[in-house]
Amino acid sequence: MTNYVIKRIGYALLTIILISIITFALMNMIPGGPFLSEKAVSPATTQALKVKYGLDKPLYVQYGNYMNNLLHGDFGLSIKQKGRTANDIIFSTFPVSARLAGMSVLLALVLGITMGSVAALNRGKWADSLLMVISTLGIAVPSFVVATFLLITFGVNLHVLPTLGLKTPLHYIMPVAALSFYPMAYITRLTRSSMLDALNQDYIRTAKAKGVSKFFMLFKHAMRNAIIPVITYVGPLLAYTMTGSFVVEKIFTIPGLGREFINCITGRDYPMVMSTTIFLAMLLVFMNVVVDICYKLVDPRIKLK
């Protein structure tokens, strides 16, 4: 286990470095710059601003300086938000996005696993057909469409749910529902497929022959093997939820990291683009390592190499 974790950490560092290089290259390939939107900025002022933020140096020097500062925990200064560091912006807005994403993932897992199990146990019956229709609809419709539908229906027309911010528990209902709809649908189909496979195994037939109850057979025997594909999906699920929250946060005016990320891209805030991308990459790579280790905890037969 120790050797595996060390190896995965090495791959994780390499992945983050590659992501930082690609992000830096793409960011500088886009025409324009962070100071073009400023009103009445003279060439001398623009040059002074470039010197202040180190943008006057060659690209390889800029990248080297940024990575050197990053190793010391410094994500740099925001160009658009005067006087604020990227560290301050990220760590003040990320908890909002993390809380929203965490609630969405938890809801998707609970509902998806439950619905998938019910569909598998009722294969070919009306409950199975209904749940498959819902899951197909959830996979086909993107989160921003669901968010817009919920906003117009329950916020604008019916006036039963608040539409802006996250001030009360009621504010969380529509954003969490919009973010969790797709992963819930995918987990439902994934659980149903893996559960059907597990229920056809010999050890399940033996349990049935011994008179084991359906509930005990499902959650004691079949679920442990059927849940492994769902655990595999947790890593991509977190990636989807964090990136999907960008649009949802914009729609519901949520002061999270997603909204800041969109603003820094449109404003060409280079330090914030780099910092946010690397921060999310570090988070997602770490979560993937945790998911791999969870395989061993769920099923000791799995060998980590």
# chains A, B, ... in the order shown; residues from 1 in each chain; ligands from 1
call {"tool": "select_by_dssp", "arguments": {"residues": "segment 85-238 of chain A", "states": "helix (DSSP H, G or I)", "output": "ChimeraX atom specification"}}
result
/A:86-121,126-140,143-157,169-199,202-209,214-226,228-238
call {"tool": "write_last_selection", "arguments": {"atoms": "C-alpha atoms", "output": "CSV table (one decimal), in the first residue's frame"}}
result
chain,number,residue,atom,x,y,z
A,86,ALA,CA,-5.2,34.5,-5.5
A,87,ASN,CA,-4.8,32.7,-2.2
A,88,ASP,CA,-7.3,34.9,-0.5
A,89,ILE,CA,-9.9,34.6,-3.3
A,90,ILE,CA,-9.6,30.8,-3.7
A,91,PHE,CA,-9.7,30.0,0.0
A,92,SER,CA,-12.6,32.4,0.7
A,93,THR,CA,-14.8,31.1,-2.2
A,94,PHE,CA,-13.9,27.4,-2.4
A,95,PRO,CA,-15.7,26.5,0.8
A,96,VAL,CA,-18.9,27.7,-0.8
A,97,SER,CA,-18.4,25.6,-3.9
A,98,ALA,CA,-17.2,22.6,-1.9
A,99,ARG,CA,-20.3,22.7,0.3
A,100,LEU,CA,-22.6,22.9,-2.7
A,101,ALA,CA,-20.7,20.1,-4.5
A,102,GLY,CA,-20.6,17.9,-1.4
A,103,MET,CA,-24.3,18.1,-0.9
A,104,SER,CA,-24.9,17.4,-4.6
A,105,VAL,CA,-22.6,14.3,-4.6
A,106,LEU,CA,-24.1,13.0,-1.4
A,107,LEU,CA,-27.7,13.4,-2.8
A,108,ALA,CA,-26.7,11.8,-6.2
A,109,LEU,CA,-25.1,8.8,-4.4
A,110,VAL,CA,-28.0,8.2,-2.0
A,111,LEU,CA,-30.7,8.5,-4.7
A,112,GLY,CA,-28.7,6.9,-7.5
A,113,ILE,CA,-27.7,3.8,-5.5
A,114,THR,CA,-31.3,3.4,-4.0
A,115,MET,CA,-33.0,3.8,-7.4
A,116,GLY,CA,-30.5,1.5,-9.2
A,117,SER,CA,-31.1,-1.2,-6.6
A,118,VAL,CA,-34.8,-0.9,-6.8
A,119,ALA,CA,-34.7,-1.1,-10.6
A,120,ALA,CA,-32.5,-4.2,-10.4
A,121,LEU,CA,-34.8,-6.0,-8.0
A,126,TRP,CA,-43.1,-0.9,-14.2
A,127,ALA,CA,-40.8,0.5,-11.4
A,128,ASP,CA,-37.8,-0.5,-13.5
A,129,SER,CA,-39.2,1.1,-16.6
A,130,LEU,CA,-40.0,4.3,-14.8
A,131,LEU,CA,-36.6,4.7,-13.2
A,132,MET,CA,-34.9,4.0,-16.5
A,133,VAL,CA,-36.9,6.8,-18.2
A,134,ILE,CA,-35.9,9.2,-15.4
A,135,SER,CA,-32.2,8.2,-15.6
A,136,THR,CA,-32.2,8.5,-19.4
A,137,LEU,CA,-33.7,12.0,-19.1
A,138,GLY,CA,-31.2,12.9,-16.5
A,139,ILE,CA,-28.2,11.9,-18.7
A,140,ALA,CA,-29.6,13.7,-21.8
A,143,SER,CA,-27.2,20.8,-15.6
A,144,PHE,CA,-27.6,24.4,-16.9
A,145,VAL,CA,-30.8,23.5,-18.6
A,146,VAL,CA,-32.1,21.9,-15.4
A,147,ALA,CA,-31.0,24.9,-13.4
A,148,THR,CA,-32.8,27.3,-15.8
A,149,PHE,CA,-36.0,25.2,-15.7
A,150,LEU,CA,-36.0,25.1,-11.9
A,151,LEU,CA,-35.2,28.8,-11.7
A,152,ILE,CA,-38.1,29.8,-14.0
A,153,THR,CA,-40.6,27.3,-12.6
A,154,PHE,CA,-40.1,27.5,-8.9
A,155,GLY,CA,-38.4,30.8,-8.6
A,156,VAL,CA,-40.0,33.1,-11.1
A,157,ASN,CA,-43.4,31.6,-11.8
A,169,PRO,CA,-31.3,26.1,3.5
A,170,LEU,CA,-34.0,26.9,0.9
A,171,HIS,CA,-31.4,28.6,-1.3
A,172,TYR,CA,-29.6,25.2,-1.6
A,173,ILE,CA,-32.5,23.2,-3.0
A,174,MET,CA,-32.4,24.3,-6.7
A,175,PRO,CA,-28.6,24.5,-7.1
A,176,VAL,CA,-28.1,21.1,-5.5
A,177,ALA,CA,-31.0,19.5,-7.5
A,178,ALA,CA,-29.5,20.9,-10.8
A,179,LEU,CA,-26.0,19.6,-10.0
A,180,SER,CA,-27.1,16.2,-8.7
A,181,PHE,CA,-29.6,15.3,-11.5
A,182,TYR,CA,-27.1,14.0,-14.1
A,183,PRO,CA,-24.8,12.1,-11.7
A,184,MET,CA,-27.9,10.6,-9.9
A,185,ALA,CA,-29.2,9.4,-13.3
A,186,TYR,CA,-25.8,7.9,-14.3
A,187,ILE,CA,-25.3,6.2,-10.9
A,188,THR,CA,-28.8,4.7,-11.2
A,189,ARG,CA,-28.0,3.0,-14.4
A,190,LEU,CA,-24.5,2.0,-13.2
A,191,THR,CA,-25.9,0.5,-10.0
A,192,ARG,CA,-28.7,-1.3,-11.8
A,193,SER,CA,-26.2,-2.9,-14.3
A,194,SER,CA,-23.7,-4.0,-11.6
A,195,MET,CA,-26.5,-5.1,-9.3
A,196,LEU,CA,-28.0,-7.3,-11.9
A,197,ASP,CA,-24.6,-8.9,-12.6
A,198,ALA,CA,-24.1,-9.5,-8.8
A,199,LEU,CA,-27.6,-11.0,-8.4
A,202,ASP,CA,-23.6,-18.3,-7.7
A,203,TYR,CA,-23.2,-17.0,-4.1
A,204,ILE,CA,-26.5,-15.1,-4.5
A,205,ARG,CA,-28.2,-18.3,-5.7
A,206,THR,CA,-26.8,-20.1,-2.6
A,207,ALA,CA,-28.1,-17.3,-0.3
A,208,LYS,CA,-31.6,-17.6,-2.0
A,209,ALA,CA,-31.5,-21.4,-1.5
A,214,LYS,CA,-34.2,-10.2,-0.1
A,215,PHE,CA,-33.2,-7.1,1.9
A,216,PHE,CA,-30.3,-8.9,3.7
A,217,MET,CA,-29.2,-10.6,0.4
A,218,LEU,CA,-29.1,-7.2,-1.3
A,219,PHE,CA,-27.2,-5.1,1.2
A,220,LYS,CA,-25.1,-7.8,2.8
A,221,HIS,CA,-24.0,-9.8,-0.2
A,222,ALA,CA,-24.8,-8.2,-3.6
A,223,MET,CA,-24.2,-4.5,-2.7
A,224,ARG,CA,-20.5,-4.9,-1.7
A,225,ASN,CA,-19.6,-6.1,-5.2
A,226,ALA,CA,-22.1,-3.9,-7.0
A,228,ILE,CA,-17.3,-1.0,-6.8
A,229,PRO,CA,-18.2,0.6,-10.2
A,230,VAL,CA,-19.9,3.4,-8.4
A,231,ILE,CA,-16.8,4.1,-6.3
A,232,THR,CA,-14.9,4.2,-9.6
A,233,TYR,CA,-17.2,6.9,-10.8
A,234,VAL,CA,-16.8,9.0,-7.6
A,235,GLY,CA,-13.6,10.6,-9.0
A,236,PRO,CA,-15.1,11.8,-12.3
A,237,LEU,CA,-18.3,12.7,-10.4
A,238,LEU,CA,-16.3,15.1,-8.2
call {"tool": "residues_around", "arguments": {"residues": "Thr277 of chain A", "least_positions_apart": "4", "cutoff": "8 Å", "atoms": "only C-alpha atoms", "output": "list in words"}}
result
Ser20, Thr23, Val273 and Ala281 of chain A
call {"tool": "atom_distance", "arguments": {"atom1": "atom CA of Gly258 of chain A", "atom2": "atom CA of Met242 of chain A"}}
result
7.6 Å
call {"tool": "closest_residue", "arguments": {"among": "A:Gly83, A:Gly165, A:Gly211, A:Gly76", "to": "Thr276 of chain A", "atoms": "only C-alpha atoms"}}
result
A:Gly76
call {"tool": "residues_around", "arguments": {"residues": "segment 57-72 of chain A", "least_positions_apart": "3", "cutoff": "9 Å", "atoms": "only C-alpha atoms", "output": "compact mmCIF listing (two decimals) with all heavy atoms, in the first residue's frame"}}
result
# COMPACT_ATOMS: atom_id res chain seq x y z
N SER A 20 -0.37 22.51 -15.63
CA SER A 20 0.07 23.90 -15.50
C SER A 20 0.73 24.40 -16.79
O SER A 20 0.51 25.54 -17.20
CB SER A 20 1.05 24.04 -14.33
OG SER A 20 2.28 23.37 -14.60
N ILE A 21 1.52 23.54 -17.44
CA ILE A 21 2.17 23.94 -18.69
C ILE A 21 1.13 24.17 -19.79
O ILE A 21 1.18 25.18 -20.51
CB ILE A 21 3.18 22.86 -19.14
CG1 ILE A 21 4.34 22.78 -18.14
CG2 ILE A 21 3.70 23.15 -20.54
CD1 ILE A 21 5.31 21.65 -18.41
N PHE A 24 -0.89 27.36 -19.01
CA PHE A 24 -0.08 28.56 -19.24
C PHE A 24 0.07 28.84 -20.73
O PHE A 24 -0.05 29.99 -21.18
CB PHE A 24 1.29 28.40 -18.59
CG PHE A 24 2.16 29.61 -18.68
CD1 PHE A 24 1.99 30.67 -17.79
CD2 PHE A 24 3.13 29.72 -19.65
CE1 PHE A 24 2.80 31.80 -17.87
CE2 PHE A 24 3.94 30.84 -19.75
CZ PHE A 24 3.77 31.88 -18.84
N ALA A 25 0.31 27.76 -21.51
CA ALA A 25 0.49 27.94 -22.96
C ALA A 25 -0.80 28.41 -23.62
O ALA A 25 -0.79 29.36 -24.42
CB ALA A 25 0.96 26.62 -23.58
N ASN A 28 -1.70 32.10 -22.87
CA ASN A 28 -0.91 33.11 -23.59
C ASN A 28 -1.09 33.04 -25.10
O ASN A 28 -0.65 33.96 -25.80
CB ASN A 28 0.57 32.94 -23.24
CG ASN A 28 0.90 33.46 -21.85
OD1 ASN A 28 1.11 34.65 -21.65
ND2 ASN A 28 0.94 32.55 -20.88
N LYS A 50 2.51 45.74 -16.86
CA LYS A 50 3.16 44.48 -17.22
C LYS A 50 4.39 44.25 -16.35
O LYS A 50 4.65 43.12 -15.91
CB LYS A 50 3.54 44.49 -18.70
CG LYS A 50 2.36 44.37 -19.65
CD LYS A 50 2.84 44.30 -21.10
CE LYS A 50 1.67 44.10 -22.05
NZ LYS A 50 2.10 44.03 -23.47
N VAL A 51 5.14 45.31 -16.12
CA VAL A 51 6.34 45.19 -15.27
C VAL A 51 5.94 44.83 -13.84
O VAL A 51 6.56 43.99 -13.19
CB VAL A 51 7.14 46.50 -15.29
CG1 VAL A 51 8.26 46.46 -14.25
CG2 VAL A 51 7.71 46.76 -16.69
N GLY A 54 4.98 41.22 -13.76
CA GLY A 54 5.97 40.33 -14.35
C GLY A 54 5.62 39.81 -15.73
O GLY A 54 6.18 38.82 -16.18
N PHE A 75 0.09 31.84 -4.68
CA PHE A 75 -0.59 31.72 -5.96
C PHE A 75 -0.55 33.01 -6.78
O PHE A 75 -1.03 33.03 -7.91
CB PHE A 75 -2.05 31.31 -5.75
CG PHE A 75 -2.24 29.86 -5.42
CD1 PHE A 75 -2.37 29.43 -4.11
CD2 PHE A 75 -2.27 28.91 -6.43
CE1 PHE A 75 -2.54 28.10 -3.81
CE2 PHE A 75 -2.45 27.57 -6.14
CZ PHE A 75 -2.58 27.16 -4.82
N GLY A 76 0.00 34.06 -6.22
CA GLY A 76 0.13 35.31 -6.97
C GLY A 76 -0.95 36.33 -6.65
O GLY A 76 -1.88 36.08 -5.88
N PRO A 271 -3.02 35.33 -13.38
CA PRO A 271 -2.69 34.61 -12.13
C PRO A 271 -3.87 33.82 -11.57
O PRO A 271 -3.69 32.70 -11.07
CB PRO A 271 -2.27 35.74 -11.18
CG PRO A 271 -1.85 36.85 -12.07
CD PRO A 271 -2.73 36.77 -13.26
N SER A 275 -3.98 29.84 -11.06
CA SER A 275 -4.15 29.39 -9.67
C SER A 275 -5.38 28.52 -9.51
O SER A 275 -5.32 27.46 -8.87
CB SER A 275 -4.24 30.60 -8.75
OG SER A 275 -3.09 31.41 -8.85
call {"tool": "residues_around", "arguments": {"residues": "Asp56 of chain A", "least_positions_apart": "6", "cutoff": "12 Å", "atoms": "only C-alpha atoms", "output": "MDAnalysis selection string"}}
result
chainID A and resid 33 46:50 62
call {"tool": "residues_around", "arguments": {"residues": "Gln81 of chain A", "least_positions_apart": "6", "cutoff": "10 Å", "atoms": "only C-alpha atoms", "output": "VMD selection string"}}
result
chain A and resid 89 264 269 272
call {"tool": "write_last_selection", "arguments": {"atoms": "C-alpha atoms", "output": "mmCIF file, in the first residue's frame"}}
result
data_model
loop_
_atom_site.group_PDB
_atom_site.id
_atom_site.type_symbol
_atom_site.label_atom_id
_atom_site.label_comp_id
_atom_site.auth_asym_id
_atom_site.auth_seq_id
_atom_site.Cartn_x
_atom_site.Cartn_y
_atom_site.Cartn_z
ATOM 1 C CA ILE A 89 -9.875 34.626 -3.328
ATOM 2 C CA CYS A 264 -11.140 35.576 -14.245
ATOM 3 C CA ASP A 269 -6.822 37.563 -14.988
ATOM 4 C CA MET A 272 -6.249 33.661 -11.150
#
call {"tool": "residues_around", "arguments": {"residues": "Arg259 of chain A", "least_positions_apart": "3", "cutoff": "10 Å", "atoms": "only C-alpha atoms", "output": "MDAnalysis selection string"}}
result
chainID A and resid 93 97 245:256 262:264
